[in-house]
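Structure data (CSV, C-alpha atoms and all ligand atoms) from model_9.csv:
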```csv
chain,number,residue,atom,x,y,z
A,1,MET,CA,12.1,21.2,-1.9
A,2,LEU,CA,10.7,17.8,-2.7
A,3,LEU,CA,12.5,15.3,-4.8
A,4,THR,CA,10.6,12.8,-6.9
A,5,VAL,CA,12.4,9.8,-8.3
A,6,VAL,CA,11.4,9.3,-11.9
A,7,ASP,CA,12.2,6.9,-14.7
A,8,GLU,CA,10.8,5.8,-18.1
A,9,GLN,CA,8.3,3.4,-16.5
A,10,PRO,CA,4.6,4.2,-17.1
A,11,GLY,CA,3.1,5.8,-13.9
A,12,SER,CA,6.4,7.0,-12.7
A,13,LEU,CA,5.6,10.6,-13.5
A,14,ASP,CA,2.3,10.4,-11.6
A,15,THR,CA,4.3,10.7,-8.4
A,16,LEU,CA,5.2,14.2,-9.4
A,17,GLY,CA,1.6,15.3,-9.1
A,18,MET,CA,1.3,13.6,-5.7
A,19,ALA,CA,4.5,15.4,-4.6
A,20,ARG,CA,3.0,18.7,-5.6
A,21,THR,CA,0.1,18.1,-3.2
A,22,ILE,CA,2.6,17.7,-0.3
A,23,GLY,CA,4.7,20.9,-1.1
A,24,THR,CA,6.7,22.8,-3.6
A,25,PRO,CA,9.0,23.2,-5.4
A,26,VAL,CA,9.2,19.8,-6.8
A,27,ALA,CA,12.3,18.6,-8.6
A,28,ALA,CA,12.9,15.3,-10.3
A,29,VAL,CA,15.8,12.8,-9.8
A,30,ALA,CA,16.7,10.0,-12.2
A,31,PHE,CA,19.5,7.6,-12.9
A,32,GLY,CA,21.0,7.5,-16.4
A,33,THR,CA,23.2,8.9,-19.1
A,34,ALA,CA,23.1,12.5,-20.4
A,35,ALA,CA,21.0,11.2,-23.3
A,36,ASP,CA,18.5,9.6,-20.9
A,37,GLY,CA,18.4,12.9,-19.0
A,38,ALA,CA,17.7,15.0,-22.0
A,39,LYS,CA,14.8,12.7,-23.0
A,40,LEU,CA,13.3,12.7,-19.5
A,41,ALA,CA,13.7,16.5,-19.3
A,42,ASP,CA,11.6,16.9,-22.4
A,43,GLU,CA,8.8,15.0,-20.7
A,44,LEU,CA,9.3,16.8,-17.3
A,45,VAL,CA,8.7,20.2,-19.0
A,46,LYS,CA,5.1,19.1,-19.6
A,47,HIS,CA,4.7,18.1,-16.0
A,48,GLY,CA,5.9,21.6,-14.8
A,49,VAL,CA,9.2,20.4,-13.4
A,50,GLY,CA,12.1,22.8,-13.9
A,51,THR,CA,15.0,20.8,-12.5
A,52,LEU,CA,16.1,17.2,-13.1
A,53,HIS,CA,19.0,15.9,-10.9
A,54,LEU,CA,20.6,13.3,-13.1
A,55,ILE,CA,22.7,10.7,-11.3
A,56,SER,CA,25.3,9.2,-13.6
A,57,HIS,CA,28.3,7.0,-12.9
A,58,GLU,CA,30.1,4.2,-14.7
A,59,LEU,CA,28.7,1.7,-12.1
A,60,LEU,CA,25.2,2.8,-12.8
A,61,THR,CA,24.9,1.5,-16.4
A,62,ASP,CA,22.2,-1.1,-15.3
A,63,TYR,CA,20.1,-1.6,-12.2
A,64,ALA,CA,22.3,-2.1,-9.1
A,65,PRO,CA,20.2,-1.5,-5.9
A,66,GLU,CA,23.1,-0.9,-3.5
A,67,ALA,CA,24.8,1.6,-5.9
A,68,PHE,CA,21.6,3.3,-6.7
A,69,GLY,CA,20.7,3.6,-3.0
A,70,GLU,CA,24.1,5.0,-2.1
A,71,ALA,CA,24.0,7.5,-5.0
A,72,LEU,CA,20.6,8.7,-3.9
A,73,ALA,CA,21.7,9.0,-0.2
A,74,GLN,CA,24.7,11.1,-1.4
A,75,LEU,CA,22.3,13.4,-3.4
A,76,ILE,CA,20.0,13.7,-0.4
A,77,ALA,CA,23.0,14.7,1.8
A,78,ARG,CA,24.0,17.4,-0.8
A,79,LEU,CA,20.5,18.8,-1.4
A,80,ARG,CA,18.8,18.3,2.0
A,81,PRO,CA,15.3,18.2,0.5
A,82,GLU,CA,12.2,18.2,2.7
A,83,GLY,CA,11.2,14.8,1.2
A,84,VAL,CA,11.9,12.2,-1.4
A,85,ILE,CA,9.1,10.4,-3.1
A,86,ALA,CA,9.3,7.3,-5.3
A,87,THR,CA,6.9,4.8,-6.9
A,88,GLY,CA,6.3,1.8,-4.6
A,89,ASP,CA,7.1,-0.8,-7.3
A,90,ASP,CA,9.8,-3.4,-6.5
A,91,ARG,CA,12.6,-1.2,-7.8
A,92,GLY,CA,11.4,2.0,-6.1
A,93,ALA,CA,11.0,0.2,-2.8
A,94,GLU,CA,14.4,-1.4,-3.0
A,95,VAL,CA,16.3,1.8,-3.9
A,96,MET,CA,14.5,3.8,-1.3
A,97,ALA,CA,15.2,1.2,1.4
A,98,GLN,CA,18.9,1.3,0.4
A,99,ALA,CA,19.0,5.1,0.4
A,100,ALA,CA,17.1,5.3,3.7
A,101,ALA,CA,19.4,2.9,5.5
A,102,ARG,CA,22.5,4.6,4.2
A,103,ALA,CA,21.3,8.1,4.9
A,104,ARG,CA,19.9,7.0,8.3
A,105,LEU,CA,16.5,8.4,7.5
A,106,PRO,CA,13.0,6.9,8.1
A,107,LEU,CA,11.1,5.5,5.1
A,108,ALA,CA,7.3,5.1,4.9
A,109,THR,CA,6.3,2.6,2.2
A,110,GLN,CA,3.1,2.0,0.3
A,111,CYS,CA,1.5,5.4,1.0
A,112,VAL,CA,-1.9,6.0,-0.5
A,113,SER,CA,-2.3,9.6,0.7
A,114,VAL,CA,0.0,12.2,2.2
A,115,THR,CA,-0.6,15.6,3.7
A,116,GLY,CA,2.4,17.9,4.0
A,117,GLY,CA,3.3,20.0,7.0
A,118,ASP,CA,5.3,18.9,10.0
A,119,PRO,CA,4.9,16.0,10.6
A,120,TRP,CA,3.6,14.6,7.3
A,121,GLN,CA,0.3,12.8,7.8
A,122,LEU,CA,0.2,9.5,5.9
A,123,THR,CA,-2.2,6.7,5.1
A,124,ARG,CA,-0.4,3.6,4.0
A,125,ILE,CA,-1.1,0.0,3.1
A,126,ARG,CA,0.1,-2.6,5.6
A,127,GLY,CA,-0.2,-6.4,5.9
A,128,GLY,CA,-0.2,-6.9,2.1
A,129,GLY,CA,-3.3,-4.9,1.6
A,130,MET,CA,-5.2,-6.3,4.7
A,131,LEU,CA,-5.3,-3.0,6.5
A,132,LEU,CA,-4.7,0.8,6.1
A,133,GLU,CA,-2.5,2.5,8.7
A,134,ASP,CA,-2.7,6.3,9.6
A,135,ALA,CA,0.8,7.4,10.5
A,136,GLU,CA,2.9,10.5,11.0
A,137,LEU,CA,6.4,11.0,9.6
A,138,THR,CA,8.9,13.3,11.2
A,139,ALA,CA,12.4,13.7,9.9
A,140,ALA,CA,14.7,16.3,8.4
A,141,THR,CA,14.2,14.6,5.0
A,142,LYS,CA,11.1,12.3,4.8
A,143,LEU,CA,11.3,9.4,2.5
A,144,ILE,CA,8.1,7.7,1.1
A,145,THR,CA,7.1,5.3,-1.6
A,146,VAL,CA,3.7,5.6,-3.2
A,147,ALA,CA,1.6,2.5,-3.5
A,148,PRO,CA,1.3,1.5,-7.2
A,149,GLY,CA,-1.8,3.2,-8.6
A,150,ALA,CA,-2.3,5.6,-5.7
A,151,ALA,CA,-0.6,8.5,-7.3
A,152,GLY,CA,-2.6,8.2,-10.6
A,153,ALA,CA,-5.8,8.0,-8.5
A,154,ALA,CA,-5.0,11.0,-6.3
A,155,GLU,CA,-6.9,14.3,-7.0
A,156,ILE,CA,-4.2,16.6,-8.5
A,157,SER,CA,-4.8,20.1,-9.7
A,158,GLU,CA,-3.9,21.0,-13.3
A,159,VAL,CA,-0.2,21.2,-14.0
A,160,ARG,CA,1.2,24.1,-16.0
A,161,ALA,CA,4.1,23.3,-18.3
A,162,VAL,CA,7.4,25.1,-17.8
A,163,ASP,CA,9.6,26.5,-20.5
A,164,GLU,CA,12.6,24.5,-19.6
A,165,CYS,CA,13.8,21.6,-17.4
A,166,VAL,CA,17.4,22.2,-16.4
A,167,VAL,CA,19.4,19.0,-16.1
A,168,GLU,CA,21.8,19.1,-13.1
A,169,ALA,CA,24.4,16.4,-13.4
A,170,PHE,CA,25.4,14.6,-10.2
A,171,THR,CA,28.3,12.1,-10.0
A,172,PRO,CA,28.3,10.1,-6.8
A,173,GLU,CA,31.4,8.5,-5.3
A,174,LEU,CA,30.8,4.8,-5.5
A,175,ALA,CA,33.1,2.0,-4.3
A,176,PRO,CA,33.3,-0.9,-6.8
A,177,GLU,CA,31.8,-3.4,-4.4
A,178,LEU,CA,28.5,-1.5,-4.4
A,179,ALA,CA,27.9,-3.1,-7.8
A,180,ARG,CA,28.0,-6.7,-6.4
A,181,THR,CA,24.2,-6.8,-6.6
A,182,ARG,CA,23.4,-5.8,-10.2
A,183,VAL,CA,21.5,-7.0,-13.2
A,184,VAL,CA,23.9,-9.3,-15.1
A,185,ALA,CA,21.4,-10.9,-17.6
A,186,ARG,CA,17.9,-10.5,-18.8
A,187,THR,CA,15.8,-13.4,-19.9
A,188,THR,CA,12.4,-13.2,-21.6
A,189,ARG,CA,9.4,-15.0,-20.1
A,190,GLY,CA,8.3,-18.1,-22.0
A,191,ASP,CA,5.1,-18.2,-24.0
A,192,GLY,CA,3.3,-20.1,-21.3
A,193,VAL,CA,0.4,-18.8,-19.2
A,194,SER,CA,1.6,-16.1,-16.8
A,195,LEU,CA,1.1,-16.5,-13.1
A,196,ALA,CA,-0.4,-13.0,-12.7
A,197,THR,CA,-3.2,-13.6,-15.3
A,198,ALA,CA,-3.8,-17.3,-15.2
A,199,GLU,CA,-7.4,-18.5,-14.5
A,200,VAL,CA,-6.1,-21.5,-12.7
A,201,VAL,CA,-3.0,-21.6,-10.6
A,202,VAL,CA,-1.6,-24.9,-9.2
A,203,SER,CA,0.7,-23.8,-6.3
A,204,GLY,CA,3.1,-25.9,-4.2
A,205,GLY,CA,4.7,-25.4,-0.8
A,206,ARG,CA,6.9,-27.3,1.6
A,207,GLY,CA,4.7,-30.3,1.3
A,208,VAL,CA,5.8,-30.8,-2.3
A,209,GLY,CA,9.1,-31.8,-0.8
A,210,SER,CA,11.6,-31.1,-3.7
A,211,ALA,CA,12.1,-29.4,-7.0
A,212,ALA,CA,11.3,-32.7,-8.8
A,213,GLY,CA,8.0,-32.9,-6.9
A,214,TYR,CA,6.7,-29.9,-9.0
A,215,ALA,CA,6.6,-32.1,-12.1
A,216,VAL,CA,3.1,-33.3,-11.2
A,217,LEU,CA,2.0,-29.7,-10.5
A,218,GLU,CA,3.2,-28.6,-13.9
A,219,GLU,CA,1.4,-31.5,-15.5
A,220,LEU,CA,-1.9,-30.6,-13.7
A,221,ALA,CA,-1.4,-26.9,-14.6
A,222,GLY,CA,-0.9,-27.9,-18.2
A,223,LEU,CA,-4.0,-30.0,-18.3
A,224,LEU,CA,-6.1,-27.1,-16.8
A,225,GLY,CA,-4.5,-24.4,-18.9
A,226,GLY,CA,-3.1,-22.8,-15.8
A,227,ALA,CA,0.2,-21.7,-14.3
A,228,VAL,CA,2.4,-23.0,-11.5
A,229,GLY,CA,2.9,-21.0,-8.4
A,230,CYS,CA,4.6,-21.6,-5.1
A,231,SER,CA,5.2,-20.5,-1.5
A,232,ARG,CA,8.3,-18.8,-0.2
A,233,VAL,CA,9.6,-22.0,1.3
A,234,ALA,CA,9.8,-23.3,-2.3
A,235,THR,CA,11.8,-20.3,-3.5
A,236,ASN,CA,14.0,-20.2,-0.4
A,237,ASN,CA,14.8,-23.9,-1.0
A,238,GLY,CA,15.7,-23.2,-4.7
A,239,TRP,CA,12.9,-25.5,-5.9
A,240,ARG,CA,11.2,-22.7,-7.9
A,241,PRO,CA,12.2,-19.3,-9.2
A,242,HIS,CA,11.0,-16.2,-7.3
A,243,SER,CA,8.9,-15.3,-10.3
A,244,ASP,CA,6.6,-18.2,-9.3
A,245,GLN,CA,6.1,-17.0,-5.7
A,246,VAL,CA,2.6,-16.1,-4.6
A,247,GLY,CA,2.2,-13.7,-1.7
A,248,LEU,CA,3.3,-10.5,0.1
A,249,THR,CA,6.8,-10.6,-1.4
A,250,GLY,CA,5.7,-12.4,-4.5
A,251,THR,CA,2.9,-12.0,-7.0
A,252,LYS,CA,-0.7,-11.2,-5.9
A,253,ILE,CA,-3.1,-13.2,-8.0
A,254,SER,CA,-6.9,-13.5,-8.5
A,255,PRO,CA,-7.5,-16.7,-10.5
A,256,LYS,CA,-10.8,-18.4,-10.8
A,257,LEU,CA,-9.3,-21.4,-9.1
A,258,TYR,CA,-6.2,-21.6,-6.8
A,259,ILE,CA,-5.0,-25.1,-6.0
A,260,ALA,CA,-2.8,-24.9,-2.9
A,261,CYS,CA,-0.7,-28.1,-2.5
A,262,GLY,CA,1.2,-28.6,0.7
A,263,ILE,CA,0.9,-24.9,1.6
A,264,SER,CA,0.0,-24.0,5.2
A,265,GLY,CA,-1.6,-20.6,4.4
A,266,ALA,CA,0.6,-18.2,6.4
A,267,THR,CA,-0.7,-14.6,6.3
A,268,GLN,CA,2.1,-13.6,3.9
A,269,HIS,CA,1.1,-16.3,1.5
A,270,TRP,CA,-2.7,-15.8,2.0
A,271,VAL,CA,-2.6,-12.1,1.0
A,272,GLY,CA,-1.3,-13.1,-2.4
A,273,CYS,CA,-4.1,-15.7,-3.1
A,274,MET,CA,-7.1,-14.4,-1.1
A,275,ASP,CA,-8.7,-12.8,-4.1
A,276,ALA,CA,-9.0,-16.2,-5.9
A,277,ALA,CA,-12.7,-17.0,-6.7
A,278,ALA,CA,-12.3,-20.5,-5.3
A,279,ILE,CA,-9.5,-22.3,-3.4
A,280,LEU,CA,-8.8,-26.0,-3.3
A,281,ALA,CA,-6.4,-27.0,-0.6
A,282,VAL,CA,-4.6,-30.3,-0.6
A,283,ASN,CA,-2.9,-30.8,2.7
A,284,THR,CA,-2.3,-33.6,5.3
A,285,ASP,CA,-3.3,-31.2,8.1
A,286,PRO,CA,-7.1,-30.6,8.4
A,287,GLU,CA,-6.3,-27.6,10.8
A,288,ALA,CA,-3.9,-25.8,8.4
A,289,PRO,CA,-5.2,-22.2,7.8
A,290,MET,CA,-5.3,-22.8,4.1
A,291,VAL,CA,-7.6,-25.8,4.6
A,292,THR,CA,-9.9,-24.0,7.0
A,293,ARG,CA,-10.2,-21.0,4.7
A,294,ALA,CA,-10.4,-22.9,1.4
A,295,THR,CA,-13.6,-23.4,-0.6
A,296,TYR,CA,-12.8,-27.1,-1.0
A,297,ALA,CA,-10.1,-29.2,0.7
A,298,VAL,CA,-8.7,-32.7,0.2
A,299,ILE,CA,-7.0,-34.0,3.3
A,300,GLY,CA,-4.2,-36.2,2.0
A,301,ASP,CA,-0.6,-36.4,0.8
A,302,VAL,CA,0.1,-34.3,-2.4
A,303,HIS,CA,2.2,-37.2,-3.7
A,304,ASP,CA,-0.9,-39.4,-3.7
A,305,VAL,CA,-3.7,-36.9,-4.4
A,306,LEU,CA,-2.1,-35.0,-7.4
A,307,PRO,CA,-1.2,-38.1,-9.5
A,308,ALA,CA,-4.7,-39.4,-8.9
A,309,VAL,CA,-6.3,-36.1,-10.0
A,310,VAL,CA,-4.1,-36.0,-13.1
A,311,ALA,CA,-4.9,-39.6,-14.0
A,312,GLU,CA,-8.6,-38.9,-13.6
A,313,ILE,CA,-8.5,-35.9,-15.8
A,314,ARG,CA,-6.6,-37.8,-18.5
A,315,ALA,CA,-9.1,-40.7,-18.2
A,316,ARG,CA,-12.1,-38.4,-18.6
A,317,ALA,CA,-10.5,-36.5,-21.5
A,318,GLY,CA,-10.0,-39.7,-23.4
A,319,PRO,CA,-7.1,-40.7,-25.7
A,320,ARG,CA,-6.3,-37.1,-26.9
A,321,ARG,CA,-4.7,-36.2,-23.5
B,401,LIG,C1,8.3,-10.4,5.5
B,401,LIG,C2,7.9,-11.8,5.0
B,401,LIG,C3,7.4,-11.9,3.7
B,401,LIG,C4,6.9,-13.2,3.3
B,401,LIG,N1,6.4,-13.3,2.0
B,401,LIG,C5,5.9,-14.5,1.6
B,401,LIG,C6,5.4,-14.6,0.3
B,401,LIG,O1,5.3,-13.7,-0.5
B,401,LIG,N2,4.9,-15.9,0.0
B,401,LIG,C7,4.9,-16.9,0.8
B,401,LIG,O2,4.5,-18.0,0.5
B,401,LIG,N3,5.5,-16.8,2.1
B,401,LIG,C8,6.0,-15.6,2.5
B,401,LIG,N4,6.6,-15.5,3.7
B,401,LIG,C9,6.8,-16.8,4.5
B,401,LIG,C10,5.5,-17.3,5.2
B,401,LIG,O3,5.5,-16.7,6.5
B,401,LIG,C11,5.6,-18.8,5.4
B,401,LIG,O4,6.8,-19.1,6.1
B,401,LIG,C12,5.5,-19.6,4.1
B,401,LIG,O5,4.4,-19.1,3.3
B,401,LIG,C13,5.3,-21.1,4.4
B,401,LIG,O6,5.4,-21.8,3.3
B,401,LIG,P1,4.6,-23.2,3.2
B,401,LIG,O7,3.2,-23.0,3.4
B,401,LIG,O8,5.1,-23.8,1.9
B,401,LIG,O9,5.4,-24.0,4.4
B,401,LIG,P2,4.8,-24.5,5.8
B,401,LIG,O10,4.3,-23.3,6.5
B,401,LIG,O11,5.9,-25.3,6.4
B,401,LIG,O12,3.6,-25.4,5.4
B,401,LIG,C14,3.7,-26.6,4.8
B,401,LIG,C15,2.3,-27.2,4.7
B,401,LIG,O13,2.4,-28.4,3.9
B,401,LIG,C16,1.6,-29.4,4.6
B,401,LIG,N5,2.3,-30.7,4.2
B,401,LIG,C17,3.5,-31.2,4.5
B,401,LIG,N6,3.7,-32.3,3.8
B,401,LIG,C18,2.6,-32.5,3.1
B,401,LIG,C19,2.3,-33.5,2.1
B,401,LIG,N7,3.1,-34.5,1.8
B,401,LIG,N8,1.1,-33.4,1.4
B,401,LIG,C20,0.2,-32.4,1.7
B,401,LIG,N9,0.5,-31.5,2.6
B,401,LIG,C21,1.7,-31.5,3.2
B,401,LIG,C22,1.8,-29.1,6.1
B,401,LIG,O14,0.6,-29.7,6.8
B,401,LIG,C23,1.7,-27.6,6.1
B,401,LIG,O15,0.4,-27.1,6.2
B,401,LIG,C24,7.0,-14.3,4.2
B,401,LIG,C25,7.5,-14.2,5.5
B,401,LIG,C26,7.9,-12.9,5.9
B,401,LIG,C27,8.4,-12.8,7.3
```
What is this structure when it is put down as structure tokens?
Ligand SMILES: Cc1cc2nc3c(=O)[nH]c(=O)nc-3n(C[C@H](O)[C@H](O)[C@H](O)COP(=O)(O)OP(=O)(O)OC[C@H]3O[C@@H](n4cnc5c(N)ncnc54)[C@H](O)[C@@H]3O)c2cc1C
Amino acid sequence: MLLTVVDEQPGSLDTLGMARTIGTPVAAVAFGTAADGAKLADELVKHGVGTLHLISHELLTDYAPEAFGEALAQLIARLRPEGVIATGDDRGAEVMAQAAARARLPLATQCVSVTGGDPWQLTRIRGGGMLLEDAELTAATKLITVAPGAAGAAEISEVRAVDECVVEAFTPELAPELARTRVVARTTRGDGVSLATAEVVVSGGRGVGSAAGYAVLEELAGLLGGAVGCSRVATNNGWRPHSDQVGLTGTKISPKLYIACGISGATQHWVGCMDAAAILAVNTDPEAPMVTRATYAVIGDVHDVLPAVVAEIRARAGPRR
């Protein structure tokens, strides 16, 4: 049996089709209340899935990665499926990593194609999209995440609806401390330009020096109708929120212009900005990888260069700015 982790997110049910190409039968697993389960079961019927394992617990009222992972590991121990498949979005990757570590099972992430058998033959994305790896996965229960978009693109034979999807309730045993990492509040994004879709991104790294140093980047982004981004050093230092981070563990962007200020261009950052149509690097080091790969570079201190650029734009725009 193959278990596929599903939720209400668009694309989540695509992984069912991919699971079916690996083996059968395919059952679904989801977190939620009985009402959530009934709603999902109605949808799963159309996807030919006859069983939904519904994980419910008072600690699972909102997203809590450790508790979700532990609950899934307990379900795996009970059902001993051949494999567990989840969408490779942030949440899917996090829950599967938690479950894999707790169940002491291997996890192959970001798979774009999988052939069943023993072992499973996988092709998966590595290096932030810079290479594809062919791999084999051997384990009593094989855990994989599917790269976003890959399941929808896979060639899947037509699915026949089933008459009924039976909801099998599962209540895990969860210690209260598993809920120490959990969603405690939700905030809505402001009305400004979003990092993922902005045509211009003004991004800052260690060279910006402090949280306050981003004021001039925000000013420049505002003048250019763009968004502010940053490197992981900036998020690690608490200068910017993680939602601003560009790169492997941040957002991948493809703006018309990426202005990289005081960013060295480490591979993990580069994979997030390499699809920009043009890159302007501002850096004191002429040998920094970001400078040598950039379309344009200014060798200088961001604290001198950026105020000068802002002043020049304002001067050229005239009194309205
Ligand atoms: C698993 C993993 C995932 C990661 N994911 C990401 C990710 O998603 N995004 C990411 O960014 N990083 C990521 N990293 C971290 C990455 O490897 C680098 O450490 C990070 O990108 C470096 O940030 P930086 O360029 O700001 O700092 P540094 O590498 O320290 O570079 C600072 C640059 O600023 C220049 N500089 C210094 N002062 C000035 C100044 N006054 N004016 C102009 N230039 C100046 C320096 O010459 C240097 O080039 C990841 C690492 C790992 C291991």
*Taking the point (8.7, 0.4, -6.5) as given in the file, collect each protein or nucleic acid residue that comes within 10 Å of it, counting all atoms listed in the file, and present the set as a list in words.*
Ser12, Ala86, Thr87, Gly88, Asp89, Asp90, Arg91, Gly92, Ala93, Glu94, Val95, Met96, Thr109, Gln110, Thr145, Val146, Ala147 and Pro148 of chain A
*Would you please work out which residue, of A:Gly318, A:Gly209, A:Pro241, A:Gly222, is nearest to ligand LIG 401 (chain B) when using all atoms listed in the file?*
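Ranking A:Gly318, A:Gly209, A:Pro241, A:Gly222 by distance to ligand LIG 401 (chain B), first place goes to A:Gly209.
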*Distance criterion (all atoms listed in the file): nearest to Asp275 of chain A out of A:Ile144, A:Met130, A:Val159, A:Leu217*: A:Met130
_Residues near segment 41-49 of chain A, cut-off 9 Å, only C-alpha atoms, skip fewer than 4 positions along chain, as a ChimeraX atom specification_ = /A:13,16-17,25-28,36-37,159-167
*Please check which protein, DNA or RNA residues sit within 7 Å of ligand LIG 401 (chain B), counting all atoms listed in the file, and write them as a PyMOL selection string.*
chain A and resi 204-208+230-234+245-250+261-269+272+282-285+288+300-303
Same residues, C-alpha atoms, output as a short mmCIF file (atom, residue, chain, number, x, y, z; two decimals), keeping the file's coordinate frame:
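For reference, again34.cif as written:
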```cif
data_model
loop_
_atom_site.label_atom_id
_atom_site.label_comp_id
_atom_site.auth_asym_id
_atom_site.auth_seq_id
_atom_site.Cartn_x
_atom_site.Cartn_y
_atom_site.Cartn_z
CA GLY A 204 3.10 -25.90 -4.20
CA GLY A 205 4.70 -25.40 -0.80
CA ARG A 206 6.90 -27.30 1.60
CA GLY A 207 4.70 -30.30 1.30
CA VAL A 208 5.80 -30.80 -2.30
CA CYS A 230 4.60 -21.60 -5.10
CA SER A 231 5.20 -20.50 -1.50
CA ARG A 232 8.30 -18.80 -0.20
CA VAL A 233 9.60 -22.00 1.30
CA ALA A 234 9.80 -23.30 -2.30
CA GLN A 245 6.10 -17.00 -5.70
CA VAL A 246 2.60 -16.10 -4.60
CA GLY A 247 2.20 -13.70 -1.70
CA LEU A 248 3.30 -10.50 0.10
CA THR A 249 6.80 -10.60 -1.40
CA GLY A 250 5.70 -12.40 -4.50
CA CYS A 261 -0.70 -28.10 -2.50
CA GLY A 262 1.20 -28.60 0.70
CA ILE A 263 0.90 -24.90 1.60
CA SER A 264 0.00 -24.00 5.20
CA GLY A 265 -1.60 -20.60 4.40
CA ALA A 266 0.60 -18.20 6.40
CA THR A 267 -0.70 -14.60 6.30
CA GLN A 268 2.10 -13.60 3.90
CA HIS A 269 1.10 -16.30 1.50
CA GLY A 272 -1.30 -13.10 -2.40
CA VAL A 282 -4.60 -30.30 -0.60
CA ASN A 283 -2.90 -30.80 2.70
CA THR A 284 -2.30 -33.60 5.30
CA ASP A 285 -3.30 -31.20 8.10
CA ALA A 288 -3.90 -25.80 8.40
CA GLY A 300 -4.20 -36.20 2.00
CA ASP A 301 -0.60 -36.40 0.80
CA VAL A 302 0.10 -34.30 -2.40
CA HIS A 303 2.20 -37.20 -3.70
#
```
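Relative to atom CA of Arg293 of chain A, atom CA of Thr235 of chain A is found at 23.5 Å.
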*Which residue gives the smallest distance to Gly129 of chain A among A:Arg314, A:Lys39, A:Lys252, A:Arg78, with only C-alpha atoms counted?*
A:Lys252
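Minimum atom-to-atom distances from A:Thr292, A:Tyr258, A:Leu75, A:Ala139 to Asp118 of chain A were compared using all atoms listed in the file, and the lowest value belongs to A:Ala139.
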*Starting from the point (-4.3, -28.7, -13.9), work out which residues of protein, DNA or RNA have an atom no more than 10 Å away when counting only C-alpha atoms; state them as a list in words.*
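In the file's frame, the residues around the point are Val200, Val201, Val202, Val216, Leu217, Glu218, Glu219, Leu220, Ala221, Gly222, Leu223, Leu224, Gly225, Gly226, Ala227, Val228, Ile259, Leu306, Val309, Val310 and Ile313 of chain A.
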_When you look at Asp7 of chain A with a cut-off of 8 Å (counting all atoms listed in the file), what residues show up, excluding the ones that are within fewer than 2 positions of it in the same chain? I need them as a list in words._
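The neighbour list is Val5, Gln9, Ser12, Leu13, Ala30, Phe31 and Leu40 of chain A.
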_Contacts of Ala276 of chain A within 8 Å, all atoms listed in the file, excl. fewer than 6 positions in-chain, as a list in words_ =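 With the cut-off at 8 Å, the set is Ile253, Ser254, Pro255, Lys256, Leu257 and Tyr258 of chain A.
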